Each structure stands twice: as C-alpha cells, then as structure tokens.
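S.K.: Got a structure here, written out as structure tokens. Questions coming.
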Amino acid sequence: MQETRHEILTAIAEQSVPGPELADRLDISRSAVWKHVEALRRDGFEISSEDDGYTLVSVPSFGGSAVEFGLEAPYEVEYHDAIPSTNERARELGAGGTSDVVVLADEQTGGKGRLDRGWSSPSGGVWLSILLRPDVPPAHAAVFTLAAAVATTRAAREAGVDAHIKWPNDVLVDGADGQTDQKLAGILTEMEGEADRVSWLVVGIGINANIDEGELPAAVDATSIRAEGGDVDRRAFTQRLLEEFHALRSDTDTVLSAWREHANTLGRRVRVDTPGGEVVGEAVDVRFPGTLVVETDDDTVEVTAGDCEHLRPTDGK
Ligand code: BT5
C-alpha cells in the first residue's frame, strides 16, 4: 500500500483526525488527503467523516490493502478475486524484476500442484505466492519450502486446527479414524537461477480455509479450516502466515528445528517415490536444506525430492 495511505489509516485508526491536521502532519494538500481517503474507501475501508474529522470504522475482511494494513512483514500484496494461478502471476513479476511481493487470490481457476498436478482452489481459500530474491545458491531453495510449511502449520494451529507437516511440504490433519491424514494445505516452490545464485524464487502456498468439504476434490483426503471447526478471519490468518514466514526466511538457521517440532514424519516408516526409485525405511532426520534421511534395511539414504507416504507398521516391505 502506498505509504501516505498507510499513515492516514494508522492515524485515524487511533482517533478522529480532521482533514487539515492530516494534511499538515503528512505535508500534503487537503485535497490530496481527500483523494487518498476516497481511494481507501474504494478499497473497502469504511471511513467516517464527521465534525471532529476522519475515523477508521472498519477494515475490509480480505484483499490486498486489508492484508497490508497492519502486516508486520515487508511485503506488498497484489490481490485478485480470481486468477488462473498466483504462482504463474508471481513468476511473471519475478521475470520483470520485482521482489517481496505477495500475489493473493480468493479463487484460482488453474491452480498448480507439483509435477504438473492440479490444485483445486475454489473461492474462500487462501491462495498466495511470495516472490523473493534471496541471495542463496539454487541448491538451498528447499529451505524456503520448509519455512513455508512451518509458517502454514503455525498459522493453522493458531486458527484452532491441529495441523502437522509431512515431509517435505504437505500440511495435514489427522483424519477421524486416526489413520488417514487429510490434506489442509500444499506448497509449490518454483525458481529461476544461475549456477551459483537464485534469480527469483516463488513460494506458492494453498490453504483450504473457508471452504465446504464438498467443494474439495472427492478423490483425495482433503480437509479445510471450515470443516475442522469453523471459518477463520482470512485477513488475520494471511497476516500471521506471512509474518511467520518472513521471520523464518530472515533467519534460515532456525528453520530445521522449527520444522522438526511441527512435522510428524520423523520416526515413522515411510515410502518415498523419488526420481531415482522408491525408498522404504524409517525417516530418521531432516538435514539442510530439506533433505530427508531414511534408514532402509541395508543403508542410510538421503532423499532430496519425492512424494512421501507415511506407512503403518504393518504396511510396505
Ligand atoms: C501441492 O502439490 O501440494 C502444491 C499445491 C500448491 C498450491 C498453491 S495455491 C497458490 C499457488 N498457486 C498455484 O497455482 N499453486 C500454489 P502436490 O503435492 O502435487 O499435490 C497435488 C495433489 O493434491 C493433487 O493431485 C490432488 O490429488 C490433491 N489436491 C488438489 N487440490 C487439493 C486441495 N485443494 N486440497 C487438498 N488436496 C488437493
């Protein structure tokens, strides 16, 4: 959000401030104040103007300015009611040279999962992509995926949903039978880089927030925040998610221990489908930048990418 608008909102959120006083404080004309107030009203902010000045009455429940206002992380938010894919849009912005932008949508019409899979994204979810230009080699990109999984899990838990992470990037909730996990959120990280340095990185996060279970794909075990206990304030949820993510990405040394705390893959028997074949064994650790260490019957294998399935003790080999 434009800085002047942010300052106006902050001032009139605390108390009523007359237009001329705002003009003086911000060193702009009275008509400029009025234009900013009108623009904010168009964005959905309810602002009253009485004899004692302007007062902020309410903030829109969702949207770009709504998320930016009060956000304690340095991201601009570009909002769309509907868009094919926030990741695609963030990639475009990345190619154009932008950074620290979040593309946020209420609905995606062409949401993407990993490996060209689709991602259902009906209205009511939190579908967003964070565009970054971290000064790291491409090989370290996985740590940002892990950071996103931790941030999502923390925000979900604050919203009252007992979520956990399955390596590397699924955020799940235990099903009613205590056996099958249900997917609450997924993460898709994409990047472009040279040999030694990431050029841009897009961390896409999709959370089934205020969505009826019936609107989620029937063929998969999926759940939503609504189904787990009730709707969440998507503005506050998105702000918490972005703040948690920003804290972790600013200090990536903290990511692995936070991930271990929130994941339930370690100590489990797993089957991981990797590009090099299937790995079955006990997941014993995760190493920087996000490698899963699996003890198979005869070896210790480090897996950097793949689809992971938690096995019951009786399953598998
Ligand atoms: C993922 O892929 O889990 C990554 C999903 C990333 C989505 C976000 S939304 C914002 C940003 N913009 C995008 O276009 N994408 C990102 P993967 O692990 O491959 O899981 C995909 C599989 O999950 C699908 O093949 C379905 O089986 C299942 N699935 C699809 N939609 C789902 C949903 N809404 N909830 C739970 N499972 C779903």
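Identifiers in this document derive from the order of the structure tokens: chains are assigned A, B, ..., residues are numbered from 1 separately in each chain, and ligands are numbered from 1 in order of occurrence.
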Write out, as a Markdown table, each residue of chain A that has an atom at most 7 Å from ligand 1, together with the closest pair of atoms and their distance in Å to one decimal, counting only C-alpha atoms and all ligand atoms, rows going by chain and rising number.
M.R.:
```
| residue | atom | partner | partner_atom_place_in_ligand_line | distance |
| --- | --- | --- | --- | --- |
| A:Ser85 | CA | ligand 1 | 14 (O) | 4.0 |
| A:Thr86 | CA | ligand 1 | 12 (N) | 4.4 |
| A:Asn87 | CA | ligand 1 | 12 (N) | 4.2 |
| A:Glu88 | CA | ligand 1 | 14 (O) | 6.7 |
| A:Gly110 | CA | ligand 1 | 14 (O) | 6.5 |
| A:Gly111 | CA | ligand 1 | 14 (O) | 3.5 |
| A:Lys112 | CA | ligand 1 | 14 (O) | 3.7 |
| A:Gly113 | CA | ligand 1 | 2 (O) | 3.4 |
| A:Arg114 | CA | ligand 1 | 19 (O) | 3.6 |
| A:Leu115 | CA | ligand 1 | 19 (O) | 6.0 |
| A:Arg117 | CA | ligand 1 | 25 (O) | 4.8 |
| A:Gly118 | CA | ligand 1 | 24 (C) | 5.4 |
| A:Trp119 | CA | ligand 1 | 31 (N) | 3.6 |
| A:Ser120 | CA | ligand 1 | 31 (N) | 3.9 |
| A:Ser121 | CA | ligand 1 | 34 (N) | 5.5 |
| A:Trp127 | CA | ligand 1 | 10 (C) | 4.2 |
| A:Leu128 | CA | ligand 1 | 10 (C) | 4.5 |
| A:Ser129 | CA | ligand 1 | 11 (C) | 5.5 |
| A:Asp170 | CA | ligand 1 | 3 (O) | 6.0 |
| A:Lys183 | CA | ligand 1 | 36 (C) | 4.8 |
| A:Leu184 | CA | ligand 1 | 36 (C) | 5.9 |
| A:Ala185 | CA | ligand 1 | 35 (N) | 6.2 |
| A:Gly186 | CA | ligand 1 | 3 (O) | 3.3 |
| A:Ile187 | CA | ligand 1 | 4 (C) | 4.2 |
| A:Leu188 | CA | ligand 1 | 4 (C) | 4.5 |
| A:Gly204 | CA | ligand 1 | 11 (C) | 3.9 |
| A:Ile205 | CA | ligand 1 | 8 (C) | 4.4 |
| A:Gly206 | CA | ligand 1 | 9 (S) | 3.5 |
| A:Asn208 | CA | ligand 1 | 34 (N) | 5.8 |
| A:Leu216 | CA | ligand 1 | 34 (N) | 5.6 |
| A:Pro217 | CA | ligand 1 | 31 (N) | 6.1 |
| A:Val220 | CA | ligand 1 | 27 (O) | 5.4 |
| A:Asp221 | CA | ligand 1 | 37 (N) | 6.8 |
| A:Ala222 | CA | ligand 1 | 36 (C) | 4.4 |
| A:Thr223 | CA | ligand 1 | 36 (C) | 6.7 |
```
S.K.: Report as a ChimeraX atom specification: the residues of segment 66-275 of chain A with a DSSP assignment of helix (DSSP H, G or I), based on the backbone of this structure.
M.R.: /A:66-68,86-95,114-116,138-140,142-158,213-215,225-228,234-249,252-262
S.K.: Within 10 Å of segment 289-302 of chain A, which residues of segment 163-228 of chain A show up? Give each one with its shortest atom-to-atom distance in Å (one decimal) and the two atoms involved, counting only C-alpha atoms, rows by chain then rising residue number, as JSON lines.
M.R.:
```
{"residue": "A:Trp167", "atom": "CA", "partner": "A:Leu292", "partner_atom": "CA", "distance": 7.6}
{"residue": "A:Pro168", "atom": "CA", "partner": "A:Gly290", "partner_atom": "CA", "distance": 7.3}
{"residue": "A:Asn169", "atom": "CA", "partner": "A:Gly290", "partner_atom": "CA", "distance": 9.9}
```
S.K.: Can you pull out every residue within 9 Å of Leu132 of chain A, counting only C-alpha atoms, but drop anything in the same chain fewer than 5 positions away, and send it as a PyMOL selection string?
M.R.: chain A and resi 94+98-101+199-203
S.K.: Within 10 Å of Gln179 of chain A, counting only C-alpha atoms, which residues qualify if same-chain residues fewer than 5 places away don't, as a count of residues only?
M.R.: 4
S.K.: Considering only C-alpha atoms, give me a table of residues in segment 220-292 of chain A that are at most 7 Å from segment 151-155 of chain A, with the closest atom pair and distance in Å for each, as JSON lines.
M.R.:
```
{"residue": "A:Phe237", "atom": "CA", "partner": "A:Ala155", "partner_atom": "CA", "distance": 6.3}
{"residue": "A:Arg240", "atom": "CA", "partner": "A:Ala155", "partner_atom": "CA", "distance": 6.0}
{"residue": "A:Leu241", "atom": "CA", "partner": "A:Ala151", "partner_atom": "CA", "distance": 5.4}
{"residue": "A:Glu244", "atom": "CA", "partner": "A:Ala151", "partner_atom": "CA", "distance": 5.1}
{"residue": "A:Phe245", "atom": "CA", "partner": "A:Ala151", "partner_atom": "CA", "distance": 5.1}
```
S.K.: Write out the residues from the selection above, keeping C-alpha atoms, as a short mmCIF file (atom, residue, chain, number, x, y, z; two decimals), in the first residue's frame.
M.R.:
```cif
data_model
loop_
_atom_site.label_atom_id
_atom_site.label_comp_id
_atom_site.auth_asym_id
_atom_site.auth_seq_id
_atom_site.Cartn_x
_atom_site.Cartn_y
_atom_site.Cartn_z
CA PHE A 237 -4.69 -15.65 9.07
CA ARG A 240 0.13 -14.37 10.62
CA LEU A 241 1.25 -16.71 7.85
CA GLU A 244 5.85 -16.27 10.45
CA PHE A 245 7.28 -16.97 7.00
#
```
S.K.: Tell me which of A:Arg226, A:Glu278, A:Gly53, A:Thr189 sits closest to Val143 of chain A, counting only C-alpha atoms.
M.R.: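 Going through A:Arg226, A:Glu278, A:Gly53, A:Thr189 one by one, the smallest distance to Val143 of chain A is for A:Thr189.
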S.K.: What is the atom CA of Gly276 of chain A to atom CA of Ala141 of chain A distance in Å?
M.R.: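 Value for the atom CA of Gly276 of chain A-atom CA of Ala141 of chain A distance: 20.3 Å.
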S.K.: Given only C-alpha atoms as the basis, pick out the residue of A:Val198, A:Ala73, A:Val17, A:Ala163 nearest to Asp181 of chain A.
M.R.: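 Smallest separation from Asp181 of chain A among the options: A:Ala163.
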S.K.: Calculate how many Å separate atom CA of Pro275 of chain A from atom CA of Val150 of chain A, rounding to one decimal.
M.R.: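 Atom CA of Pro275 of chain A sits 25.1 Å away from atom CA of Val150 of chain A.
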S.K.: For His36 of chain A, list every protein, DNA or RNA residue within 9 Å, evaluated using only C-alpha atoms, and leave out those in the same chain fewer than 3 positions away; present the list as a PyMOL selection string.
M.R.: chain A and resi 4-5+8+31-33+39-41
S.K.: Point out the residue among A:Leu131, A:Ala227, A:Ile47, A:Val126 with the least atom-to-atom distance to Val173 of chain A, counting only C-alpha atoms.
M.R.: A:Ala227
S.K.: Please give the complete set of residues from segment 39-250 of chain A that DSSP, run on the backbone, assigns to strand (DSSP E), formatted as a ChimeraX atom specification.
M.R.: /A:46-50,53-58,76-83,101-108,126-132,163-166,170-174,181-193,198-207
S.K.: Counting only C-alpha atoms, which residue out of A:Glu14, A:Phe288, A:Glu21, A:Val279 sits closest to Asp307 of chain A?
M.R.: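 So, comparing all the options, the nearest one is A:Val279.
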S.K.: What's the separation between atom CA of Ala142 of chain A and atom CA of Glu107 of chain A, in Å to one decimal place?
M.R.: 26.3 Å
S.K.: Show which residues sit within 8 Å of Arg235 of chain A, as a list in words. Count only C-alpha atoms, and ignore same-chain residues fewer than 5 positions away.
M.R.: Ser61, Phe62, Gly63, Ala66 and Val67 of chain A
